[in-house]
file structure_38.txt (compact mmCIF, C-alpha atoms (C1' of nucleotides))
# COMPACT_ATOMS: atom_id res chain seq x y z
CA MET O 289 95.82 108.82 88.15
CA ASP O 290 98.41 111.14 89.60
CA GLU O 291 101.95 109.92 89.36
CA ILE O 292 102.73 111.30 92.79
CA THR O 293 99.95 109.22 94.26
CA ILE O 294 101.53 106.07 92.91
CA LEU O 295 104.87 106.97 94.44
CA GLN O 296 103.16 107.82 97.68
CA ALA O 297 101.53 104.41 97.70
CA GLU O 298 104.95 102.94 97.13
CA ILE O 299 106.26 104.67 100.23
CA LEU O 300 103.27 103.63 102.27
CA LYS O 301 103.66 100.07 101.11
CA VAL O 302 107.17 100.14 102.48
CA LEU O 303 105.87 101.47 105.78
CA ALA O 304 103.11 98.89 105.96
CA SER O 305 105.18 96.36 107.85
CA PRO O 306 105.38 95.93 111.61
CA ARG O 307 109.05 95.08 111.49
CA ARG O 308 109.94 98.06 109.38
CA LEU O 309 107.86 100.31 111.60
CA GLU O 310 109.69 98.96 114.59
CA ILE O 311 113.01 99.57 112.90
CA LEU O 312 112.07 103.13 112.04
CA HIS O 313 110.86 103.67 115.55
CA ARG O 314 114.19 102.60 116.94
CA LEU O 315 116.06 104.74 114.47
CA ALA O 316 114.01 107.70 115.62
CA ASP O 317 116.15 107.74 118.76
CA GLY O 318 119.33 107.94 116.78
CA PRO O 319 121.42 105.94 114.33
CA MET O 320 122.01 102.30 114.98
CA ASP O 321 123.82 99.36 113.42
CA VAL O 322 122.21 96.25 111.98
CA GLY O 323 123.15 93.81 114.69
CA ARG O 324 121.72 95.98 117.43
CA LEU O 325 118.54 96.44 115.48
CA ALA O 326 118.29 92.71 114.97
CA THR O 327 118.80 92.07 118.67
CA GLU O 328 116.37 94.68 119.88
CA THR O 329 113.64 93.72 117.47
CA HIS O 330 114.17 89.99 118.10
CA ALA O 331 114.57 89.32 114.41
CA SER O 332 117.24 87.53 112.45
CA GLN O 333 120.07 89.56 111.01
CA PRO O 334 119.29 88.73 107.36
CA ASN O 335 115.68 89.67 107.93
CA VAL O 336 116.59 93.05 109.37
CA SER O 337 119.07 93.59 106.59
CA GLN O 338 116.43 92.89 104.00
CA HIS O 339 114.00 95.29 105.60
CA LEU O 340 116.70 97.91 105.82
CA ALA O 341 117.41 97.41 102.14
CA VAL O 342 113.76 98.04 101.39
CA LEU O 343 113.73 101.15 103.54
CA ARG O 344 116.92 102.36 101.93
CA THR O 345 115.61 101.76 98.44
CA ALA O 346 112.56 103.79 99.35
CA GLY O 347 114.84 106.54 100.58
CA LEU O 348 113.50 106.45 104.11
CA VAL O 349 116.82 105.57 105.72
CA GLU O 350 120.45 106.14 104.88
CA ALA O 351 123.42 103.92 105.58
CA GLU O 352 126.94 104.81 106.55
CA ARG O 353 129.74 102.39 107.06
CA ASP O 354 131.79 102.63 110.25
CA GLY O 355 134.37 99.90 110.44
CA ARG O 356 132.63 96.56 110.25
CA GLU O 357 129.35 97.99 111.31
CA VAL O 358 126.90 99.86 109.15
CA HIS O 359 124.99 102.61 110.84
CA TYR O 360 121.52 103.42 109.62
CA ARG O 361 119.71 106.66 110.26
CA LEU O 362 116.45 108.26 109.26
CA THR O 363 116.52 110.38 106.15
CA ASP O 364 113.55 112.55 106.98
CA PRO O 365 112.12 113.01 110.47
CA ASP O 366 108.74 113.84 108.97
CA VAL O 367 108.30 110.12 108.36
CA ILE O 368 108.16 109.64 112.09
CA ARG O 369 105.80 112.57 112.42
CA ALA O 370 103.50 111.05 109.86
CA CYS O 371 103.66 107.72 111.64
CA ASP O 372 102.82 109.43 114.91
CA LEU O 373 99.84 111.09 113.27
CA MET O 374 98.71 107.69 112.10
CA ARG O 375 99.20 106.41 115.58
CA GLY O 376 96.98 109.18 116.82
CA VAL O 377 94.31 108.24 114.34
CA LEU O 378 94.60 104.66 115.50
CA GLY O 379 94.43 105.69 119.12
CA ARG O 380 91.30 107.71 118.60
CA ARG O 381 89.86 104.80 116.69
CA LEU O 382 90.53 102.36 119.49
CA THR O 383 89.19 104.82 122.03
CA ARG O 384 85.98 105.14 120.10
CA LEU O 385 85.66 101.38 119.84
CA GLY O 386 86.39 101.14 123.54
CA GLU O 387 83.63 103.59 124.34
CA LEU O 388 81.17 101.52 122.40
CA ALA O 389 82.11 98.11 123.71
CA ALA O 390 83.75 98.62 127.08
CA PRO O 391 81.81 99.84 130.12
CA VAL O 392 84.59 101.21 132.28
CA LEU O 393 88.18 100.65 131.37
CA PRO O 394 90.83 103.27 132.01
CA ALA O 395 92.73 103.04 128.74
CA LYS O 396 96.16 103.27 130.23
CA SER O 397 99.24 102.39 128.28
CA GLY O 398 99.86 98.71 127.98
CA SER O 399 96.24 97.89 127.61
CA ARG O 400 96.23 95.25 124.93
CA SER O 401 92.65 94.22 125.12
CA ALA O 402 90.30 92.78 122.59
CA PRO O 403 90.44 94.98 119.51
CA ARG O 404 92.58 92.53 117.62
CA ASP O 405 90.44 93.04 114.59
CA LEU O 406 89.91 96.61 113.63
CA ALA O 407 86.38 97.63 112.93
CA THR O 408 83.74 95.04 113.72
CA ALA O 409 81.64 98.10 114.40
CA ARG O 410 79.15 98.93 111.74
CA SER O 411 76.37 101.43 111.45
CA MET N 65 106.62 93.58 119.29
CA ASP N 66 104.21 96.28 120.26
CA GLU N 67 100.61 95.50 119.51
CA ILE N 68 99.98 99.05 118.44
CA THR N 69 102.71 98.80 115.85
CA ILE N 70 100.97 95.83 114.26
CA LEU N 71 97.69 97.70 114.09
CA GLN N 72 99.50 100.71 112.67
CA ALA N 73 101.01 98.53 109.97
CA GLU N 74 97.52 97.28 109.24
CA ILE N 75 96.34 100.82 108.68
CA LEU N 76 99.32 101.65 106.52
CA LYS N 77 98.78 98.53 104.47
CA VAL N 78 95.30 99.78 103.74
CA LEU N 79 96.69 103.14 102.70
CA ALA N 80 99.37 101.58 100.51
CA SER N 81 97.22 101.55 97.41
CA PRO N 82 97.07 104.22 94.72
CA ARG N 83 93.36 103.70 94.22
CA ARG N 84 92.56 103.95 97.87
CA LEU N 85 94.74 107.01 98.21
CA GLU N 86 92.91 108.58 95.33
CA ILE N 87 89.58 107.75 96.93
CA LEU N 88 90.65 109.27 100.22
CA HIS N 89 91.94 112.30 98.42
CA ARG N 90 88.56 112.84 96.79
CA LEU N 91 86.75 112.30 100.05
CA ALA N 92 88.92 114.98 101.60
CA ASP N 93 86.83 117.53 99.71
CA GLY N 94 83.63 116.19 101.19
CA PRO N 95 81.42 113.10 101.22
CA MET N 96 80.70 111.35 97.97
CA ASP N 97 78.78 108.35 96.70
CA VAL N 98 80.26 105.23 95.15
CA GLY N 99 79.25 105.86 91.56
CA ARG N 100 80.77 109.29 91.51
CA LEU N 101 83.97 107.99 93.02
CA ALA N 102 84.05 105.26 90.40
CA THR N 103 83.56 107.76 87.61
CA GLU N 104 86.10 110.26 88.83
CA THR N 105 88.78 107.69 89.52
CA HIS N 106 88.13 105.86 86.24
CA ALA N 107 87.67 102.59 88.03
CA SER N 108 84.91 100.02 87.92
CA GLN N 109 82.16 100.24 90.47
CA PRO N 110 82.85 96.85 92.08
CA ASN N 111 86.47 97.77 92.36
CA VAL N 112 85.70 101.03 94.13
CA SER N 113 83.22 99.28 96.34
CA GLN N 114 85.81 96.74 97.35
CA HIS N 115 88.34 99.39 98.17
CA LEU N 116 85.76 101.31 100.15
CA ALA N 117 84.99 98.15 102.06
CA VAL N 118 88.64 97.83 102.95
CA LEU N 119 88.81 101.45 104.03
CA ARG N 120 85.65 101.06 106.05
CA THR N 121 86.89 97.91 107.73
CA ALA N 122 90.03 99.80 108.68
CA GLY N 123 87.86 102.55 110.11
CA LEU N 124 89.24 105.21 107.81
CA VAL N 125 85.91 106.02 106.19
CA GLU N 126 82.31 105.82 107.25
CA ALA N 127 79.28 105.06 105.15
CA GLU N 128 75.78 106.47 105.34
CA ARG N 129 72.89 105.42 103.17
CA ASP N 130 70.90 108.11 101.41
CA GLY N 131 68.22 106.58 99.25
CA ARG N 132 69.83 104.32 96.72
CA GLU N 133 73.17 105.94 97.08
CA VAL N 134 75.68 105.39 99.84
CA HIS N 135 77.70 108.38 100.88
CA TYR N 136 81.18 107.84 102.18
CA ARG N 137 83.12 110.30 104.26
CA LEU N 138 86.43 110.44 106.06
CA THR N 139 86.42 109.34 109.67
CA ASP N 140 89.48 111.26 110.77
CA PRO N 141 90.97 114.22 108.90
CA ASP N 142 94.37 113.45 110.40
CA VAL N 143 94.66 110.65 107.89
CA ILE N 144 94.82 113.25 105.16
CA ARG N 145 97.31 115.27 107.20
CA ALA N 146 99.51 112.23 107.57
CA CYS N 147 99.25 111.54 103.85
CA ASP N 148 100.21 115.13 103.14
CA LEU N 149 103.22 114.78 105.39
CA MET N 150 104.22 111.70 103.46
CA ARG N 151 103.76 113.62 100.27
CA GLY N 152 106.09 116.23 101.62
CA VAL N 153 108.68 113.62 102.41
CA LEU N 154 108.29 112.28 98.91
CA GLY N 155 108.59 115.72 97.42
CA ARG N 156 111.77 116.48 99.29
CA ARG N 157 113.08 113.11 98.23
CA LEU N 158 112.39 113.74 94.58
CA THR N 159 113.89 117.20 94.85
CA ARG N 160 117.05 115.80 96.32
CA LEU N 161 117.28 113.17 93.63
CA GLY N 162 116.68 115.86 91.05
CA GLU N 163 119.53 117.92 92.42
CA LEU N 164 121.91 115.00 92.23
CA ALA N 165 121.11 113.77 88.77
CA ALA N 166 118.34 115.54 86.93
CA PRO N 167 119.25 115.98 83.31
CA VAL N 168 115.78 114.87 82.34
CA LEU N 169 112.51 113.87 83.85
CA PRO N 170 111.05 111.22 81.56
CA ALA N 171 107.80 111.13 83.51
CA LYS N 172 105.49 110.47 80.60
CA SER N 173 101.95 109.45 81.39
CA GLY N 174 101.19 105.79 81.21
CA SER N 175 104.76 104.87 81.80
CA ARG N 176 104.94 103.68 85.35
CA SER N 177 108.48 102.57 85.01
CA ALA N 178 110.16 105.93 84.85
CA PRO N 179 110.74 106.73 88.52
CA ARG N 180 109.78 103.18 89.25
CA ASP N 181 112.46 102.63 91.84
CA LEU N 182 112.82 105.50 94.18
CA ALA N 183 116.46 105.26 94.96
CA THR N 184 119.34 104.11 92.81
CA ALA N 185 121.39 106.67 94.67
CA ARG N 186 124.00 105.11 96.82
CA SER N 187 126.97 106.41 98.70
C1' DG D 95 147.30 84.88 104.39
C1' DG D 96 143.83 83.17 107.52
C1' DC D 97 140.19 83.85 110.65
C1' DA D 98 136.36 86.03 112.97
C1' DC D 99 132.89 89.28 112.69
C1' DT D 100 129.27 92.17 110.46
C1' DC D 101 126.33 92.75 106.97
C1' DA D 102 124.21 91.72 102.26
C1' DT D 103 122.19 88.69 98.81
C1' DG D 104 119.99 84.70 96.39
C1' DC D 105 116.58 81.02 96.63
C1' DG D 106 112.28 78.69 97.36
C1' DC D 107 107.87 78.34 99.49
C1' DG D 108 103.50 79.65 101.50
C1' DC D 109 100.22 83.17 101.82
C1' DA D 110 97.83 87.28 101.11
C1' DT D 111 96.16 90.84 97.72
C1' DG D 112 94.31 93.11 93.64
C1' DC D 113 91.90 92.75 89.62
C1' DG D 114 88.04 91.66 86.28
C1' DC D 115 83.93 89.48 85.90
C1' DA D 116 79.44 87.78 86.99
C1' DT D 117 75.99 88.07 90.20
C1' DA D 118 73.48 88.92 94.60
C1' DT D 119 71.23 92.43 97.76
C1' DG D 120 68.72 96.71 98.55
C1' DA D 121 65.90 100.66 97.30
C1' DC D 122 62.80 103.45 94.55
C1' DG D 123 59.13 104.07 90.99
C1' DG D 124 55.27 102.53 88.09
C1' DC E 93 55.27 92.58 91.70
C1' DC E 94 58.75 93.98 88.45
C1' DG E 95 62.21 96.60 86.19
C1' DT E 96 65.91 99.60 87.09
C1' DC E 97 69.34 101.96 89.37
C1' DA E 98 73.07 101.86 93.07
C1' DT E 99 75.90 99.13 95.67
C1' DA E 100 77.86 94.87 97.62
C1' DT E 101 79.74 90.23 97.30
C1' DG E 102 81.75 85.78 95.55
C1' DC E 103 85.06 83.62 92.47
C1' DG E 104 89.32 82.50 90.08
C1' DC E 105 93.64 83.79 88.53
C1' DA E 106 97.94 86.02 88.40
C1' DT E 107 101.17 88.56 91.07
C1' DG E 108 103.85 90.17 94.93
C1' DC E 109 105.67 89.88 99.71
C1' DG E 110 107.62 88.09 103.83
C1' DC E 111 110.07 84.65 105.92
C1' DG E 112 113.83 81.16 106.86
C1' DC E 113 117.90 79.40 105.28
C1' DA E 114 122.38 79.09 103.29
C1' DT E 115 125.87 81.63 101.35
C1' DG E 116 128.51 85.57 99.48
C1' DA E 117 130.98 89.99 100.23
C1' DG E 118 133.49 93.52 102.91
C1' DT E 119 136.38 94.68 106.98
C1' DG E 120 139.63 94.40 110.78
C1' DC E 121 142.85 91.70 113.68
C1' DC E 122 146.57 88.47 114.52

call {"tool": "encode", "arguments": {"input": "structure_38.txt", "output": "structure tokens"}}
result
Amino acid sequence: MDEITILQAEILKVLASPRRLEILHRLADGPMDVGRLATETHASQPNVSQHLAVLRTAGLVEAERDGREVHYRLTDPDVIRACDLMRGVLGRRLTRLGELAAPVLPAKSGSRSAPRDLATARS
Amino acid sequence: MDEITILQAEILKVLASPRRLEILHRLADGPMDVGRLATETHASQPNVSQHLAVLRTAGLVEAERDGREVHYRLTDPDVIRACDLMRGVLGRRLTRLGELAAPVLPAKSGSRSAPRDLATARS
DNA sequence: GGCACTCATGCGCGCATGCGCATATGACGG
DNA sequence: CCGTCATATGCGCATGCGCGCATGAGTGCC
């Protein structure tokens, strides 16, 4: 098994967390400190700090101290691009499921309908 | 928390597995049956089947029966593109680490503890 | 120095996940 | 039918992860 693949899985494992995705998404708009991230994501400060530590260990974000605050920023914007690609895949997936199950539903943004469970569609 | 983000994390969680990444990587070159995948990835057949089930449930691959065999194929090529982007991020990351402190690269096969942690570089 | 603020870390628990293994289902041929 | 090949599924165990909580560490202000 390729060594790179293992490392890649490591990175993906780090990304495979709603909270961390949310954090990265916020950081995509520019650097931010921990407290603000905690507030905006409605999570506790230690929790956010832990997630940031994970992201930092994986090399996805970088930290810089500014007074009392610590500002985090994305290391590589391609991470966001990759996430957006994934989001596109997901979107197409939901659209396809919607076509199969839903008669007429304009899939506008904010439509959080049924597809809680991915799949459920088999051939 | 955005619903989409949760689903995205679900997808990423599915991708965060070396074996599944390897499977997807093989499927990128065209459809393949379970036995062949098991052989090429040096994994047991039940194991591969389980991973394929996970990938199928996540909607990343699709299955089609052909006689006794079941051929699996990628649902969306963008998954591979996203993985490649991640690989690029990883590559840049390793390069940067190499520039900072690269007297040796002890990446011997079988030893998955060499670049085990991706960071260890702090400011 | 003492205090307030911001962030990081350690701990313990509950829960999900991956694996090997045995076995069930499904399909083709004789 | 029955044996065989190809695939899927159930089980049990060990491991890892996320979370809340309390606490430690670093910084600036008075």

call {"tool": "interface_residues", "arguments": {"input": "structure_38.txt", "of": "chain N", "to": "chain E", "cutoff": "12 Å", "atoms": "all atoms listed in the file", "output": "NGL selection string"}}
result
:N and (97-100 or 102 or 108-117 or 127 or 129-135)

call {"tool": "residues_around", "arguments": {"input": "structure_38.txt", "residues": "Glu310 (chain O)", "least_positions_apart": "5", "cutoff": "12 Å", "atoms": "only C-alpha atoms (C1' of nucleotides)", "output": "list in words"}}
result
Leu303, Ala304, Ser305, Leu315, Ala316, Asp317, Leu325, Ala326, Glu328, Thr329, His330, Ala331, Val336, His339, Leu340, Leu343, Ile368 and Cys371 of chain O; Met65, Asp66, Glu67, Ile68, Thr69, Ile70, Gln72 and Ala73 of chain N

call {"tool": "interface_residues", "arguments": {"input": "structure_38.txt", "of": "chain N", "to": "chain O", "cutoff": "7 Å", "atoms": "all atoms listed in the file", "output": "list of chain:residue names"}}
result
N:Glu67, N:Thr69, N:Ile70, N:Gln72, N:Ala73, N:Glu74, N:Leu76, N:Lys77, N:Leu79, N:Ala80, N:Ser81, N:Pro82, N:Leu85, N:Thr121, N:Ala122, N:Gly123, N:Asp140, N:Asp142, N:Val143, N:Ala146, N:Leu149, N:Met150, N:Arg151, N:Val153, N:Leu154, N:Leu182, N:Ala183

call {"tool": "calpha_fit_and_write", "arguments": {"input": "structure_38.txt", "fixed": "chain N", "moving": "chain O", "output": "compact mmCIF listing (two decimals) with C-alpha atoms, in the coordinates of the input"}}
result
# COMPACT_ATOMS: atom_id res chain seq x y z
CA MET O 289 106.35 95.15 120.70
CA ASP O 290 103.98 98.02 121.29
CA GLU O 291 100.36 97.24 120.71
CA ILE O 292 99.80 100.64 119.18
CA THR O 293 102.47 99.93 116.62
CA ILE O 294 100.63 96.84 115.48
CA LEU O 295 97.42 98.79 115.06
CA GLN O 296 99.29 101.49 113.24
CA ALA O 297 100.68 98.91 110.85
CA GLU O 298 97.14 97.71 110.34
CA ILE O 299 96.07 101.18 109.30
CA LEU O 300 99.05 101.60 107.03
CA LYS O 301 98.37 98.25 105.45
CA VAL O 302 94.92 99.50 104.58
CA LEU O 303 96.42 102.62 103.05
CA ALA O 304 99.00 100.67 101.09
CA SER O 305 96.82 100.28 98.03
CA PRO O 306 96.72 102.55 95.00
CA ARG O 307 93.00 102.13 94.59
CA ARG O 308 92.25 102.91 98.19
CA LEU O 309 94.56 105.91 98.06
CA GLU O 310 92.74 107.11 95.00
CA ILE O 311 89.42 106.65 96.73
CA LEU O 312 90.58 108.57 99.77
CA HIS O 313 91.94 111.27 97.55
CA ARG O 314 88.59 111.70 95.88
CA LEU O 315 86.80 111.70 99.19
CA ALA O 316 89.09 114.48 100.33
CA ASP O 317 87.07 116.82 98.12
CA GLY O 318 83.84 115.85 99.77
CA PRO O 319 81.53 112.88 100.23
CA MET O 320 80.71 110.73 97.28
CA ASP O 321 78.64 107.66 96.45
CA VAL O 322 79.98 104.30 95.34
CA GLY O 323 78.97 104.45 91.71
CA ARG O 324 80.64 107.79 91.17
CA LEU O 325 83.77 106.55 92.83
CA ALA O 326 83.74 103.48 90.65
CA THR O 327 83.32 105.58 87.52
CA GLU O 328 85.97 108.12 88.37
CA THR O 329 88.54 105.57 89.41
CA HIS O 330 87.77 103.33 86.41
CA ALA O 331 87.19 100.36 88.65
CA SER O 332 84.34 97.92 88.91
CA GLN O 333 81.61 98.62 91.42
CA PRO O 334 82.20 95.46 93.49
CA ASN O 335 85.89 96.26 93.64
CA VAL O 336 85.27 99.77 94.92
CA SER O 337 82.74 98.45 97.37
CA GLN O 338 85.23 95.97 98.72
CA HIS O 339 87.88 98.62 99.14
CA LEU O 340 85.38 100.88 100.84
CA ALA O 341 84.51 98.05 103.19
CA VAL O 342 88.16 97.72 104.09
CA LEU O 343 88.49 101.45 104.65
CA ARG O 344 85.34 101.47 106.72
CA THR O 345 86.48 98.55 108.83
CA ALA O 346 89.69 100.41 109.48
CA GLY O 347 87.66 103.42 110.52
CA LEU O 348 89.11 105.67 107.85
CA VAL O 349 85.79 106.38 106.15
CA GLU O 350 82.19 106.49 107.24
CA ALA O 351 79.09 105.58 105.28
CA GLU O 352 75.68 107.15 105.26
CA ARG O 353 72.74 105.95 103.30
CA ASP O 354 70.82 108.46 101.18
CA GLY O 355 68.06 106.81 99.24
CA ARG O 356 69.56 104.12 97.05
CA GLU O 357 72.96 105.64 97.18
CA VAL O 358 75.46 105.33 99.98
CA HIS O 359 77.62 108.34 100.58
CA TYR O 360 81.09 107.84 101.95
CA ARG O 361 83.15 110.49 103.66
CA LEU O 362 86.47 110.72 105.40
CA THR O 363 86.45 110.14 109.12
CA ASP O 364 89.59 112.06 109.93
CA PRO O 365 91.17 114.68 107.67
CA ASP O 366 94.54 114.00 109.26
CA VAL O 367 94.70 110.85 107.15
CA ILE O 368 94.93 113.04 104.09
CA ARG O 369 97.50 115.22 105.80
CA ALA O 370 99.60 112.19 106.58
CA CYS O 371 99.27 111.00 103.01
CA ASP O 372 100.34 114.42 101.77
CA LEU O 373 103.37 114.28 104.04
CA MET O 374 104.22 110.92 102.54
CA ARG O 375 103.76 112.41 99.14
CA GLY O 376 106.21 115.10 100.08
CA VAL O 377 108.72 112.52 101.18
CA LEU O 378 108.22 110.74 97.89
CA GLY O 379 108.59 113.95 95.95
CA ARG O 380 111.83 114.83 97.64
CA ARG O 381 113.00 111.30 97.01
CA LEU O 382 112.25 111.49 93.31
CA THR O 383 113.85 114.92 93.12
CA ARG O 384 117.01 113.59 94.67
CA LEU O 385 117.05 110.66 92.28
CA GLY O 386 116.43 113.07 89.43
CA GLU O 387 119.39 115.19 90.46
CA LEU O 388 121.63 112.17 90.40
CA ALA O 389 120.49 110.66 87.14
CA ALA O 390 119.01 113.46 85.07
CA PRO O 391 121.14 116.28 83.64
CA VAL O 392 118.54 118.96 83.07
CA LEU O 393 114.89 118.20 83.43
CA PRO O 394 112.45 120.74 84.82
CA ALA O 395 110.43 118.48 87.09
CA LYS O 396 107.08 119.92 86.24
CA SER O 397 103.88 118.18 87.13
CA GLY O 398 102.99 115.35 84.84
CA SER O 399 106.53 114.23 84.47
CA ARG O 400 106.26 110.48 84.62
CA SER O 401 109.76 109.59 83.69
CA ALA O 402 111.92 106.64 84.50
CA PRO O 403 111.82 106.14 88.25
CA ARG O 404 109.45 103.23 88.00
CA ASP O 405 111.52 101.37 90.51
CA LEU O 406 112.26 103.27 93.64
CA ALA O 407 115.83 103.26 94.77
CA THR O 408 118.31 101.73 92.36
CA ALA O 409 120.64 104.26 93.91
CA ARG O 410 123.09 102.85 96.36
CA SER O 411 126.03 104.26 98.21

call {"tool": "interface_residues", "arguments": {"input": "structure_38.txt", "of": "chain D", "to": "chain O", "cutoff": "12 Å", "atoms": "all atoms listed in the file", "output": "PyMOL selection string"}}
result
chain D and resi 98-104

call {"tool": "atom_distance", "arguments": {"input": "structure_38.txt", "atom1": "C1' of DG112 (chain D)", "atom2": "CA of Ile87 (chain N)"}}
result
15.7 Å

call {"tool": "axis_aligned_box", "arguments": {"input": "structure_38.txt", "around": "region 99-109 of chain E", "padding_each_side": "4 Å", "output": "AutoDock Vina command-line options"}}
result
--center_x 90.8 --center_y 90.8 --center_z 94.1 --size_x 37.8 --size_y 24.6 --size_z 19.3

call {"tool": "atom_distance", "arguments": {"input": "structure_38.txt", "atom1": "CA of Pro319 (chain O)", "atom2": "CA of Leu362 (chain O)"}}
result
7.5 Å

call {"tool": "atom_distance", "arguments": {"input": "structure_38.txt", "atom1": "CA of Tyr136 (chain N)", "atom2": "C1' of DA121 (chain D)"}}
result
17.6 Å

call {"tool": "decode", "arguments": {"input": "structure_38.txt", "residues": "chain D", "atoms": "C-alpha atoms (C1' of nucleotides)", "output": "PDB file, in the first residue's frame"}}
result
ATOM      1  C1'  DG D  95       2.619  41.004  42.416  1.00  0.00           C
ATOM      2  C1'  DG D  96      -2.192  40.134  41.513  1.00  0.00           C
ATOM      3  C1'  DC D  97      -5.974  39.754  38.503  1.00  0.00           C
ATOM      4  C1'  DA D  98      -8.565  39.112  34.302  1.00  0.00           C
ATOM      5  C1'  DC D  99      -8.569  37.302  29.885  1.00  0.00           C
ATOM      6  C1'  DT D 100      -7.394  34.025  26.111  1.00  0.00           C
ATOM      7  C1'  DC D 101      -6.039  29.806  24.869  1.00  0.00           C
ATOM      8  C1'  DA D 102      -4.138  24.956  25.642  1.00  0.00           C
ATOM      9  C1'  DT D 103      -4.032  20.481  27.908  1.00  0.00           C
ATOM     10  C1'  DG D 104      -5.227  16.299  30.678  1.00  0.00           C
ATOM     11  C1'  DC D 105      -8.816  13.066  32.048  1.00  0.00           C
ATOM     12  C1'  DG D 106     -12.582   9.875  31.751  1.00  0.00           C
ATOM     13  C1'  DC D 107     -16.496   8.032  29.435  1.00  0.00           C
ATOM     14  C1'  DG D 108     -19.532   6.575  25.756  1.00  0.00           C
ATOM     15  C1'  DC D 109     -19.755   5.362  21.099  1.00  0.00           C
ATOM     16  C1'  DA D 110     -18.513   4.262  16.585  1.00  0.00           C
ATOM     17  C1'  DT D 111     -15.207   1.795  13.433  1.00  0.00           C
ATOM     18  C1'  DG D 112     -12.087  -1.588  11.424  1.00  0.00           C
ATOM     19  C1'  DC D 113     -10.518  -6.018  11.354  1.00  0.00           C
ATOM     20  C1'  DG D 114     -10.510 -11.232  11.042  1.00  0.00           C
ATOM     21  C1'  DC D 115     -13.295 -14.978  10.922  1.00  0.00           C
ATOM     22  C1'  DA D 116     -17.124 -17.906   9.916  1.00  0.00           C
ATOM     23  C1'  DT D 117     -21.058 -18.189   7.324  1.00  0.00           C
ATOM     24  C1'  DA D 118     -25.132 -16.890   4.471  1.00  0.00           C
ATOM     25  C1'  DT D 119     -26.920 -15.514  -0.252  1.00  0.00           C
ATOM     26  C1'  DG D 120     -26.749 -15.678  -5.267  1.00  0.00           C
ATOM     27  C1'  DA D 121     -25.399 -17.471  -9.745  1.00  0.00           C
ATOM     28  C1'  DC D 122     -23.635 -20.736 -13.082  1.00  0.00           C
ATOM     29  C1'  DG D 123     -22.571 -25.512 -14.701  1.00  0.00           C
ATOM     30  C1'  DG D 124     -23.090 -30.550 -14.725  1.00  0.00           C
TER      31       DG D 124
END
